[in-house]
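Undergrad: File name upload-v9.tsv; file contents TSV, C-alpha atoms; full text below.
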chain	number	residue	atom	x	y	z
W	1	MET	CA	0.00	0.00	0.00
W	2	GLU	CA	2.84	2.36	0.94
W	3	GLU	CA	4.73	1.54	-2.26
W	4	LEU	CA	1.61	2.14	-4.33
W	5	ARG	CA	1.01	5.46	-2.58
W	6	ASN	CA	4.60	6.52	-3.30
W	7	ASP	CA	4.27	5.54	-6.96
W	8	ILE	CA	1.20	7.76	-7.25
W	9	LEU	CA	2.95	10.63	-5.49
W	10	ASP	CA	6.00	10.25	-7.74
W	11	PHE	CA	3.78	10.33	-10.81
W	12	LEU	CA	1.99	13.45	-9.61
W	13	LYS	CA	5.28	15.16	-8.84
W	14	LYS	CA	6.68	14.38	-12.28
W	15	GLN	CA	3.59	14.89	-14.39
W	16	GLY	CA	1.35	17.13	-12.39
W	17	PHE	CA	3.89	19.72	-11.25
W	18	PHE	CA	3.07	18.64	-7.76
W	19	ASN	CA	4.90	20.97	-5.44
W	20	GLU	CA	7.59	19.10	-3.49
W	21	LYS	CA	6.70	21.07	-0.37
W	22	THR	CA	3.04	20.16	-0.53
W	23	ARG	CA	2.03	17.61	2.07
W	24	LEU	CA	-0.99	15.57	1.08
W	25	GLN	CA	-2.97	13.51	3.55
W	26	ASP	CA	-4.41	10.23	2.32
W	27	ASN	CA	-7.96	11.57	2.25
W	28	ASP	CA	-7.26	15.04	0.85
W	29	SER	CA	-9.05	15.74	-2.43
W	30	LEU	CA	-6.55	15.91	-5.30
W	31	SER	CA	-8.86	18.11	-7.34
W	32	GLU	CA	-9.81	20.40	-4.44
W	33	THR	CA	-6.13	20.92	-3.59
W	34	GLY	CA	-5.39	21.73	-7.23
W	35	VAL	CA	-3.05	18.78	-7.80
W	36	ILE	CA	-5.03	17.33	-10.69
W	37	ASP	CA	-7.45	18.46	-13.35
W	38	SER	CA	-9.39	16.31	-15.80
W	39	ILE	CA	-6.39	15.85	-18.14
W	40	THR	CA	-3.98	14.89	-15.34
W	41	LEU	CA	-6.62	12.45	-14.12
W	42	LEU	CA	-6.68	10.69	-17.49
W	43	GLN	CA	-2.88	10.57	-17.52
W	44	LEU	CA	-2.93	9.08	-14.04
W	45	ILE	CA	-5.39	6.39	-15.18
W	46	ASP	CA	-3.07	5.52	-18.10
W	47	PHE	CA	-0.09	5.38	-15.76
W	48	LEU	CA	-1.84	3.08	-13.26
W	49	GLU	CA	-3.07	0.73	-16.01
W	50	ALA	CA	0.43	0.38	-17.46
W	51	LYS	CA	2.28	0.20	-14.16
W	52	TYR	CA	0.00	-2.36	-12.49
W	53	ASN	CA	-1.17	-4.15	-15.62
W	54	ILE	CA	-4.84	-3.56	-14.84
W	55	ARG	CA	-7.86	-2.28	-16.77
W	56	ILE	CA	-9.80	0.44	-14.97
W	57	PRO	CA	-13.47	0.35	-16.03
W	58	VAL	CA	-14.82	3.81	-16.87
W	59	GLU	CA	-17.69	3.36	-14.42
W	60	MET	CA	-15.10	3.19	-11.68
W	61	ILE	CA	-13.61	6.60	-12.47
W	62	THR	CA	-15.46	8.62	-9.88
W	63	PRO	CA	-14.31	11.15	-7.25
W	64	GLU	CA	-15.01	8.50	-4.59
W	65	ASN	CA	-12.44	6.18	-6.17
W	66	PHE	CA	-9.93	8.50	-7.82
W	67	ASP	CA	-9.84	11.84	-6.02
W	68	THR	CA	-7.74	10.84	-3.01
W	69	LEU	CA	-4.54	8.87	-2.49
W	70	ALA	CA	-6.47	6.44	-0.30
W	71	GLY	CA	-9.25	5.98	-2.86
W	72	ILE	CA	-6.83	5.41	-5.74
W	73	SER	CA	-4.72	2.95	-3.74
W	74	GLN	CA	-7.78	0.96	-2.67
W	75	SER	CA	-9.18	0.92	-6.21
W	76	VAL	CA	-5.89	-0.34	-7.67
W	77	ILE	CA	-5.59	-3.05	-5.02
W	78	LYS	CA	-9.19	-4.13	-5.65
W	79	LEU	CA	-8.55	-4.39	-9.40
W	80	LYS	CA	-5.24	-6.18	-8.94
W	81	ASN	CA	-6.88	-8.76	-6.71
W	82	GLY	CA	-9.61	-9.28	-9.28
U	1	MET	CA	12.84	24.58	-24.02
U	2	LEU	CA	11.82	24.36	-20.39
U	3	ASP	CA	14.65	25.82	-18.35
U	4	SER	CA	15.30	26.09	-14.65
U	5	ALA	CA	13.92	29.65	-14.64
U	6	THR	CA	10.48	28.19	-15.35
U	7	PRO	CA	8.68	27.57	-12.06
U	8	GLY	CA	8.26	23.85	-11.36
U	9	ILE	CA	10.98	22.75	-13.77
U	10	SER	CA	14.03	21.00	-12.38
U	11	ILE	CA	17.07	20.22	-14.50
U	12	ASP	CA	19.12	17.16	-13.67
U	13	ALA	CA	22.72	18.28	-13.04
U	14	ASP	CA	24.20	15.19	-14.71
U	15	THR	CA	22.04	14.83	-17.80
U	16	GLY	CA	21.02	18.45	-18.29
U	17	LEU	CA	17.45	17.28	-18.90
U	18	CYS	CA	14.20	18.48	-17.35
U	19	GLN	CA	11.90	15.99	-15.61
U	20	PHE	CA	9.76	15.60	-18.74
U	21	CYS	CA	12.68	14.70	-21.01
U	22	GLU	CA	14.06	12.42	-18.27
U	23	HIS	CA	10.89	10.34	-18.19
U	24	PHE	CA	9.90	10.61	-21.83
U	25	THR	CA	9.15	7.34	-23.59
U	26	PRO	CA	8.40	7.75	-27.30
U	27	LEU	CA	5.35	6.04	-28.72
U	28	THR	CA	6.51	2.88	-30.48
U	29	PRO	CA	5.56	2.34	-34.16
U	30	GLU	CA	3.60	-0.75	-33.03
U	31	LYS	CA	1.58	1.29	-30.53
U	32	LYS	CA	0.92	3.97	-33.13
U	33	GLU	CA	-0.28	1.30	-35.55
U	34	GLU	CA	-2.52	-0.18	-32.87
U	35	TYR	CA	-4.06	3.25	-32.21
U	36	GLY	CA	-4.48	3.78	-35.96
U	37	SER	CA	-6.33	0.47	-36.34
U	38	ARG	CA	-8.53	1.36	-33.41
U	39	MET	CA	-9.43	4.75	-34.89
U	40	ASP	CA	-10.13	3.07	-38.23
U	41	SER	CA	-12.46	0.52	-36.74
U	42	LEU	CA	-14.29	3.21	-34.77
U	43	LEU	CA	-14.69	5.72	-37.57
U	44	LYS	CA	-15.27	3.27	-40.43
U	45	SER	CA	-18.45	1.98	-38.89
U	46	PRO	CA	-19.80	4.42	-36.32
U	47	PRO	CA	-22.86	3.27	-34.38
U	48	ASP	CA	-25.98	4.56	-36.12
U	49	LYS	CA	-27.60	6.54	-33.35
U	50	GLY	CA	-28.26	10.09	-34.35
U	51	LYS	CA	-28.03	12.67	-37.11
U	52	PHE	CA	-24.27	13.15	-36.70
U	53	ASP	CA	-21.44	10.68	-36.30
U	54	VAL	CA	-18.96	13.28	-35.14
U	55	ILE	CA	-19.08	16.62	-33.37
U	56	PHE	CA	-15.92	18.34	-34.55
U	57	ALA	CA	-14.30	21.30	-32.77
U	58	LEU	CA	-13.35	23.66	-35.58
U	59	SER	CA	-11.49	26.87	-34.79
U	60	GLY	CA	-10.73	27.84	-38.38
U	61	GLY	CA	-6.99	27.70	-37.60
U	62	VAL	CA	-4.50	25.50	-39.43
U	63	ASP	CA	-4.70	22.37	-37.27
U	64	SER	CA	-8.45	21.94	-37.12
U	65	SER	CA	-8.99	22.96	-40.76
U	66	TYR	CA	-6.41	20.40	-41.91
U	67	MET	CA	-7.88	17.75	-39.65
U	68	LEU	CA	-11.45	18.25	-40.84
U	69	HIS	CA	-10.29	17.95	-44.44
U	70	ARG	CA	-8.25	14.81	-43.77
U	71	ILE	CA	-10.91	13.12	-41.66
U	72	LYS	CA	-13.44	13.55	-44.45
U	73	ARG	CA	-10.92	12.37	-47.02
U	74	GLU	CA	-10.22	9.20	-45.04
U	75	TYR	CA	-13.75	8.62	-43.76
U	76	PRO	CA	-16.02	10.24	-46.40
U	77	HIS	CA	-19.18	8.56	-45.06
U	78	LEU	CA	-19.06	10.44	-41.74
U	79	ASN	CA	-21.77	12.98	-40.99
U	80	ILE	CA	-19.93	15.76	-39.23
U	81	LEU	CA	-21.23	18.72	-37.29
U	82	ALA	CA	-18.34	21.19	-37.18
U	83	VAL	CA	-18.71	23.64	-34.32
U	84	GLN	CA	-16.89	26.94	-34.26
U	85	PHE	CA	-17.05	28.65	-30.90
U	86	ASP	CA	-17.42	32.40	-31.22
U	87	ASN	CA	-15.56	33.76	-28.22
U	88	GLY	CA	-15.83	37.32	-29.52
U	89	PHE	CA	-12.19	37.39	-30.58
U	90	ILE	CA	-12.24	35.09	-33.59
U	91	SER	CA	-10.72	36.76	-36.62
U	92	ASP	CA	-12.94	37.32	-39.64
U	93	THR	CA	-10.53	35.20	-41.64
U	94	ALA	CA	-10.98	32.30	-39.21
U	95	LEU	CA	-14.76	32.57	-39.58
U	96	GLU	CA	-14.37	32.54	-43.34
U	97	ASN	CA	-11.89	29.64	-43.28
U	98	ALA	CA	-14.16	27.52	-41.09
U	99	GLN	CA	-17.17	27.99	-43.34
U	100	LYS	CA	-15.07	27.38	-46.43
U	101	PHE	CA	-13.73	24.09	-45.07
U	102	CYS	CA	-17.18	22.96	-44.02
U	103	ALA	CA	-18.47	23.58	-47.55
U	104	LEU	CA	-15.42	21.80	-48.97
U	105	THR	CA	-15.92	18.74	-46.79
U	106	LYS	CA	-19.74	18.79	-46.88
U	107	SER	CA	-19.84	19.11	-43.11
U	108	THR	CA	-22.60	20.95	-41.28
U	109	TYR	CA	-21.31	24.25	-39.91
U	110	MET	CA	-22.44	25.64	-36.58
U	111	ARG	CA	-21.33	28.90	-35.04
U	112	LEU	CA	-21.74	28.52	-31.32
U	113	SER	CA	-22.37	31.85	-29.65
U	114	LEU	CA	-22.96	32.67	-26.02
U	115	ASP	CA	-23.81	36.00	-24.39
U	116	GLN	CA	-20.82	38.05	-25.61
U	117	GLU	CA	-20.92	40.60	-22.80
U	118	ALA	CA	-20.98	37.89	-20.13
U	119	LEU	CA	-18.19	36.07	-21.92
U	120	GLN	CA	-16.00	39.18	-21.90
U	121	VAL	CA	-16.58	39.57	-18.16
U	122	THR	CA	-15.62	35.91	-17.72
U	123	PHE	CA	-12.38	36.33	-19.71
U	124	SER	CA	-11.66	39.46	-17.71
U	125	LYS	CA	-12.10	37.48	-14.49
U	126	ALA	CA	-9.80	34.78	-15.86
U	127	ALA	CA	-7.18	37.45	-16.65
U	128	ASN	CA	-7.42	38.84	-13.12
U	129	SER	CA	-7.53	35.43	-11.42
U	130	PHE	CA	-4.62	33.76	-9.68
U	131	ASN	CA	-4.33	29.99	-9.26
U	132	ALA	CA	-7.88	29.29	-10.44
U	133	TYR	CA	-6.50	26.28	-12.32
U	134	PRO	CA	-4.26	23.58	-10.84
U	135	GLY	CA	-0.50	23.47	-11.38
U	136	ALA	CA	-0.52	21.14	-14.37
U	137	ALA	CA	-3.19	23.10	-16.23
U	138	LYS	CA	-1.15	26.31	-15.90
U	139	TYR	CA	1.55	24.74	-18.08
U	140	ARG	CA	-0.84	23.55	-20.75
U	141	ALA	CA	-2.61	26.84	-21.39
U	142	SER	CA	-3.13	30.36	-20.06
U	143	ASP	CA	-5.96	31.03	-17.62
U	144	ILE	CA	-7.91	32.76	-20.39
U	145	CYS	CA	-7.35	29.90	-22.86
U	146	ASN	CA	-8.08	27.23	-20.24
U	147	THR	CA	-11.40	28.97	-19.60
U	148	CYS	CA	-12.22	29.24	-23.30
U	149	ILE	CA	-11.19	25.64	-24.11
U	150	SER	CA	-13.12	24.29	-21.12
U	151	ILE	CA	-16.28	26.11	-22.24
U	152	ILE	CA	-15.84	24.65	-25.74
U	153	LYS	CA	-15.38	21.14	-24.32
U	154	GLN	CA	-18.44	21.40	-22.08
U	155	LYS	CA	-20.68	22.72	-24.86
U	156	ILE	CA	-19.41	20.24	-27.47
U	157	ILE	CA	-20.00	17.34	-25.08
U	158	GLU	CA	-23.49	18.73	-24.48
U	159	LEU	CA	-24.09	18.77	-28.25
U	160	ALA	CA	-22.86	15.17	-28.56
U	161	LEU	CA	-25.27	14.10	-25.82
U	162	THR	CA	-28.26	15.93	-27.25
U	163	THR	CA	-27.66	14.83	-30.85
U	164	LYS	CA	-26.61	11.30	-29.82
U	165	ALA	CA	-23.31	11.63	-31.70
U	166	PRO	CA	-20.92	8.84	-30.68
U	167	PHE	CA	-17.68	10.73	-31.34
U	168	ILE	CA	-16.13	14.09	-30.58
U	169	ILE	CA	-12.95	15.10	-32.40
U	170	PHE	CA	-10.52	17.75	-31.21
U	171	ALA	CA	-7.40	18.84	-33.13
U	172	PHE	CA	-5.21	18.92	-30.04
U	173	SER	CA	-1.51	18.62	-30.84
U	174	PRO	CA	0.59	15.74	-29.44
U	175	GLY	CA	1.96	18.34	-27.01
U	176	GLN	CA	-1.46	19.28	-25.68
U	177	THR	CA	-2.73	15.82	-24.79
U	178	ASP	CA	-1.34	12.31	-24.63
U	179	ALA	CA	-4.53	10.26	-24.66
U	180	PRO	CA	-5.71	9.45	-28.22
U	181	PHE	CA	-9.06	8.07	-27.02
U	182	VAL	CA	-11.04	9.24	-24.02
U	183	THR	CA	-14.26	7.50	-23.10
U	184	LEU	CA	-16.60	9.99	-21.52
U	185	SER	CA	-18.67	7.98	-19.12
U	186	LYS	CA	-21.34	9.71	-17.08
U	187	PRO	CA	-19.28	9.72	-13.85
U	188	VAL	CA	-16.34	11.26	-15.74
U	189	LEU	CA	-18.60	13.94	-17.23
U	190	VAL	CA	-20.13	14.74	-13.86
U	191	TRP	CA	-16.64	15.10	-12.43
U	192	MET	CA	-15.36	17.22	-15.35
U	193	ARG	CA	-18.37	19.50	-14.94
U	194	LYS	CA	-17.77	19.84	-11.23
U	195	LEU	CA	-14.07	20.63	-11.71
U	196	PHE	CA	-14.74	23.37	-14.25
U	197	ASP	CA	-17.57	24.76	-12.15
U	198	ARG	CA	-15.10	25.11	-9.28
U	199	ASN	CA	-12.50	26.83	-11.52
U	200	LEU	CA	-15.15	29.35	-12.62
U	201	LYS	CA	-16.31	29.88	-9.04
U	202	THR	CA	-12.72	30.54	-7.92
U	203	MET	CA	-12.47	33.21	-10.61
U	204	GLY	CA	-15.61	34.84	-9.25
U	205	VAL	CA	-17.93	33.91	-12.12
U	206	THR	CA	-21.44	33.91	-10.67
U	207	ASP	CA	-23.59	32.81	-13.61
U	208	ARG	CA	-21.81	29.57	-14.48
U	209	GLU	CA	-24.58	27.37	-15.88
U	210	PRO	CA	-24.33	28.69	-19.48
U	211	TYR	CA	-20.72	27.45	-19.61
U	212	LEU	CA	-21.37	23.97	-18.28
U	213	ILE	CA	-22.96	20.81	-19.66
U	214	ASP	CA	-26.71	21.01	-19.08
U	215	ALA	CA	-27.11	19.33	-15.69
U	216	HIS	CA	-30.34	17.61	-16.80
U	217	LEU	CA	-28.35	15.61	-19.33
U	218	LEU	CA	-26.25	14.09	-16.56
U	219	GLN	CA	-29.13	12.97	-14.35
U	220	PRO	CA	-29.37	9.20	-13.74
U	221	GLY	CA	-31.17	7.56	-16.67
U	222	SER	CA	-30.94	10.69	-18.84
U	223	TYR	CA	-28.96	9.06	-21.65
U	224	ASN	CA	-27.41	5.71	-22.30
U	225	HIS	CA	-25.11	6.08	-25.26
U	226	GLU	CA	-21.37	6.30	-24.89
U	227	VAL	CA	-19.41	9.28	-26.18
U	228	MET	CA	-15.75	9.03	-27.07
U	229	MET	CA	-13.30	11.84	-27.61
U	230	ILE	CA	-10.68	11.16	-30.30
U	231	HIS	CA	-7.45	13.10	-30.85
U	232	PRO	CA	-6.17	12.02	-34.32
U	233	PHE	CA	-2.96	14.08	-34.09
U	234	LEU	CA	-1.69	11.52	-31.60
U	235	ILE	CA	-2.05	8.89	-34.29
U	236	TRP	CA	-1.05	10.77	-37.45
U	237	ASP	CA	2.29	12.48	-37.89
U	238	TYR	CA	2.13	16.09	-36.75
U	239	ASP	CA	3.72	18.37	-39.32
U	240	LYS	CA	2.43	21.91	-39.04
U	241	ILE	CA	4.32	23.21	-42.09
U	242	LYS	CA	2.79	20.47	-44.26
U	243	PHE	CA	-0.66	21.13	-42.77
U	244	LYS	CA	-0.47	24.82	-43.58
U	245	LYS	CA	0.71	24.16	-47.13
U	246	GLU	CA	-2.11	21.69	-47.75
U	247	CYS	CA	-4.69	24.01	-46.20
U	248	ILE	CA	-3.57	26.91	-48.40
U	249	GLN	CA	-3.87	24.64	-51.45
U	250	GLN	CA	-7.48	24.05	-50.43
U	251	GLY	CA	-8.22	27.77	-50.15
U	252	TRP	CA	-7.40	28.43	-46.51
U	253	ILE	CA	-6.33	32.05	-45.95
U	254	ASP	CA	-3.55	32.98	-43.55
U	255	PRO	CA	-4.94	35.68	-41.24
U	256	ASN	CA	-1.46	37.03	-40.38
U	257	LEU	CA	-2.33	37.73	-36.77
U	258	LYS	CA	1.31	38.41	-35.82
U	259	ASP	CA	0.84	35.72	-33.20
U	260	GLN	CA	3.30	32.85	-33.57
U	261	ASN	CA	0.96	30.46	-31.82
U	262	SER	CA	-2.50	31.10	-33.20
U	263	SER	CA	-4.04	31.44	-36.62
U	264	ASN	CA	-7.56	32.10	-35.45
U	265	CYS	CA	-7.86	33.95	-32.13
U	266	LEU	CA	-7.08	37.62	-31.53
U	267	LEU	CA	-7.07	37.10	-27.78
U	268	ASN	CA	-4.35	34.45	-27.73
U	269	ALA	CA	-1.23	36.65	-27.64
U	270	PHE	CA	-2.77	38.81	-24.91
U	271	ALA	CA	-3.63	35.66	-22.94
U	272	ILE	CA	-0.02	34.43	-23.19
U	273	LYS	CA	1.30	37.79	-21.95
U	274	ASN	CA	-1.19	37.85	-19.08
U	275	HIS	CA	-0.08	34.36	-18.06
U	276	LEU	CA	3.62	35.22	-18.31
U	277	ASP	CA	3.09	38.29	-16.13
U	278	LYS	CA	1.23	36.29	-13.47
U	279	TYR	CA	3.18	33.03	-13.29
U	280	HIS	CA	6.37	33.55	-15.36
U	281	ILE	CA	5.19	30.63	-17.48
U	282	HIS	CA	4.85	30.84	-21.25
U	283	SER	CA	1.68	28.85	-21.84
U	284	TYR	CA	3.00	27.34	-25.09
U	285	ALA	CA	6.41	26.26	-23.73
U	286	TYR	CA	5.16	22.90	-22.42
U	287	ASP	CA	3.31	22.12	-25.66
U	288	LEU	CA	6.26	23.15	-27.83
U	289	ALA	CA	8.76	21.28	-25.63
U	290	SER	CA	6.67	18.17	-26.04
U	291	LEU	CA	6.63	18.58	-29.84
U	292	VAL	CA	10.43	18.99	-29.86
U	293	ARG	CA	10.82	15.94	-27.60
U	294	GLN	CA	8.68	13.86	-29.95
U	295	GLY	CA	10.68	15.00	-32.98
U	296	TYR	CA	7.87	17.02	-34.58
U	297	MET	CA	9.66	20.35	-34.38
U	298	LYS	CA	13.22	21.65	-34.28
U	299	ARG	CA	14.23	23.22	-31.00
U	300	GLU	CA	15.29	26.49	-32.65
U	301	ASP	CA	11.93	26.77	-34.44
U	302	ALA	CA	10.09	26.15	-31.19
U	303	LEU	CA	12.19	28.75	-29.39
U	304	LYS	CA	11.25	31.32	-32.04
U	305	LYS	CA	7.61	30.69	-31.23
U	306	LEU	CA	8.24	31.69	-27.64
U	307	THR	CA	9.03	35.27	-28.61
U	308	LEU	CA	5.96	37.32	-28.05
U	309	GLN	CA	4.80	40.21	-30.15
U	310	ILE	CA	1.59	42.00	-29.42
U	311	PRO	CA	1.08	45.25	-31.26
U	312	ASP	CA	0.21	48.03	-28.74
U	313	ILE	CA	-2.99	48.76	-30.60
U	314	THR	CA	-4.20	45.15	-30.20
U	315	ASP	CA	-3.20	45.10	-26.55
U	316	GLU	CA	-5.13	48.30	-25.87
U	317	GLU	CA	-8.16	47.12	-27.83
U	318	ILE	CA	-8.34	43.87	-25.90
U	319	LYS	CA	-7.93	45.62	-22.54
U	320	ARG	CA	-10.73	47.97	-23.49
U	321	LYS	CA	-12.98	45.10	-24.56
U	322	LEU	CA	-12.27	43.18	-21.36
U	323	LYS	CA	-12.55	46.36	-19.28
U	324	LEU	CA	-9.15	45.73	-17.74
Can you dump the structure from the file as structure tokens?
TA:
Amino acid sequence: MEELRNDILDFLKKQGFFNEKTRLQDNDSLSETGVIDSITLLQLIDFLEAKYNIRIPVEMITPENFDTLAGISQSVIKLKNG
Amino acid sequence: MLDSATPGISIDADTGLCQFCEHFTPLTPEKKEEYGSRMDSLLKSPPDKGKFDVIFALSGGVDSSYMLHRIKREYPHLNILAVQFDNGFISDTALENAQKFCALTKSTYMRLSLDQEALQVTFSKAANSFNAYPGAAKYRASDICNTCISIIKQKIIELALTTKAPFIIFAFSPGQTDAPFVTLSKPVLVWMRKLFDRNLKTMGVTDREPYLIDAHLLQPGSYNHEVMMIHPFLIWDYDKIKFKKECIQQGWIDPNLKDQNSSNCLLNAFAIKNHLDKYHIHSYAYDLASLVRQGYMKREDALKKLTLQIPDITDEEIKRKLKL
């Protein structure tokens, strides 16, 4: 879980111009805090699918599942475990 | 292209590369072919659901004019509704070019207009805003252009939903997006709407509904067809010089806007300057850097595009129009 979380943070830092000084809590909203917009979100989905060899169904792409570090991590784990 | 003076850019001391070049993986020919086959299978036999197969975002500039012409050449059976958004700053030549290319390709032309006075106030609020868009968005476009493009996206998606068109095509360059296909499910659309609504609210825009997808269309059970956004420039080679040459051969007229980065919008150069003043970020640097990285443009040509020229008269006229 920690490794997954760090992968997501690394991606956001590299692709989303995530400020190194910003400290995100697991349940902070990525869109509310200005870390992602709709395009970064789609890039993040691509990254997760390639990195973890999963297919994320479009119905799953909701703020509940993909707007927080905790939500994204849980969604990826759920998909990886089938 | 992106140097250490640009906020958010870090250059590796050993390689001399920025974080984007460091992590750049070019699209393999196999992947490109796979995307091409996918686009072929989608556009060769679109689901027969409504009057139009495609809602096409047409600015009247080089990229979208070329793309409309090529799409119809490769997929002549497609019924296309080409939508030109009138943001109040479209050059007369761009209006003429758009209509000319619609006639040429037998596409239906639509000029999408909103309340011009309200739109000017909105652009003015975007110009005066600070951090209304997240970090990443600030590198992709200026605050004014992000606002304009987001309105276009929202209204074009709305048109696709109401006309039951299965596809939306945008002529985004390979530097502006890296997803060739985007499936717009209802949850994604609800989220996109909410995000843009919040951007507008942060800017102080009070009457936001006219700029957003009609909320009724996103209610549960309101529609059940799937809309997909396609970006063909991520599949075809992107060669702006060739595009311009071919467009001119087809009757496209160069508006000579004295703006290195736009052949349709009079507001663009002002928007770049406004963004540079606020954030020290040239809103085309990221796009151009990406084109250089992918081998679509020479670095020196891209650097030339970063020089900004706005005639004083244009600057003053825009400030007056936006009441700045």
Undergrad: Which residues are near range 48-50 of chain W? Cut-off 12 Å, all atoms listed in the file, ignore same chain within fewer than 3 positions. Put them as an MDAnalysis selection string.
TA: chainID W and resid 4:5 7:12 41:45 53:57 66 72:73 75:77 79:80
Undergrad: Determine, for each residue of chain W having at least one atom at most 9 Å from an atom of chain U, the closest pair of atoms and their separation in Å to one decimal, counting only C-alpha atoms; order by chain and ascending number, as a tab-separated table.
TA:
residue	atom	partner	partner_atom	distance
W:Lys14	CA	U:Gln19	CA	6.4
W:Gln15	CA	U:Ala136	CA	7.5
W:Gly16	CA	U:Ala136	CA	4.8
W:Phe17	CA	U:Ala136	CA	5.6
W:Phe18	CA	U:Gly135	CA	7.0
W:Asn19	CA	U:Gly8	CA	7.4
W:Ser31	CA	U:Leu195	CA	7.3
W:Glu32	CA	U:Leu195	CA	8.4
W:Thr33	CA	U:Pro134	CA	7.9
W:Gly34	CA	U:Pro134	CA	4.2
W:Val35	CA	U:Pro134	CA	5.8
W:Ile36	CA	U:Pro134	CA	6.3
W:Asp37	CA	U:Pro134	CA	6.5
W:Ser38	CA	U:Met192	CA	6.1
W:Ile39	CA	U:Thr177	CA	7.6
W:Thr40	CA	U:Ala136	CA	7.2
W:Leu42	CA	U:Ala179	CA	7.5
W:Gln43	CA	U:Ala179	CA	7.3
W:Asp46	CA	U:Ala179	CA	8.2
W:Val58	CA	U:Ser185	CA	6.1
W:Glu59	CA	U:Pro187	CA	6.6
W:Met60	CA	U:Pro187	CA	8.1
W:Ile61	CA	U:Val188	CA	6.3
W:Thr62	CA	U:Pro187	CA	5.6
W:Pro63	CA	U:Trp191	CA	6.9
Undergrad: What lies within 12 Å of Ala289 in chain U using all atoms listed in the file, ignoring chain neighbours under 5 positions off, as a PyMOL selection string?
TA: chain U and resi 1-3+17-21+24+139-140+173-176+282-284+294-303+305-306
Undergrad: Rounded to one decimal, what separation in Å do you get between CA of Val205 in chain U and CA of Ala126 in chain U?
TA: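 Going from CA of Val205 in chain U over to CA of Ala126 in chain U covers 9.0 Å.
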Undergrad: Have a look at CA of Leu322 in chain U and CA of Tyr109 in chain U and let me know their distance in Å, one decimal.
TA: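 Computing it gives 28.0 Å between the two atoms.
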Undergrad: As an exercise, work out the distance from CA of Leu161 in chain U to CA of Met39 in chain U in Å and give it to one decimal place.
TA: 20.5 Å
Undergrad: I'd like the contact shell of Phe101 in chain U - 9 Å cut-off, only C-alpha atoms, skipping same-chain residues fewer than 3 positions apart - returned as a list in words.
TA: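 After dropping sequence-adjacent residues, the list is Gly60, Ser65, Tyr66, Leu68, His69, Glu96, Asn97, Ala98, Leu104, Thr105, Lys106, Ser107, Gln250, Gly251 and Trp252 of chain U.
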Undergrad: For Phe181 in chain U, list every protein, DNA or RNA residue within 7 Å, evaluated using all atoms listed in the file, and leave out those in the same chain fewer than 6 positions away; present the list as a PyMOL selection string.
TA: chain U and resi 228-231
Undergrad: Using only C-alpha atoms, which of the listed residues (U:Ser4, U:Leu27, U:Pro166, U:Ile71) sits closest to Pro46 in chain U?
TA: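 Going through U:Ser4, U:Leu27, U:Pro166, U:Ile71 one by one, the smallest distance to Pro46 in chain U is for U:Pro166.
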Undergrad: Applying 9 Å and all atoms listed in the file, which residues near Asp28 in chain W remain after dropping the ones on its own chain fewer than 6 positions away? List them as a list in words.
TA: Asp67, Thr68, Leu69 and Ala70 of chain W
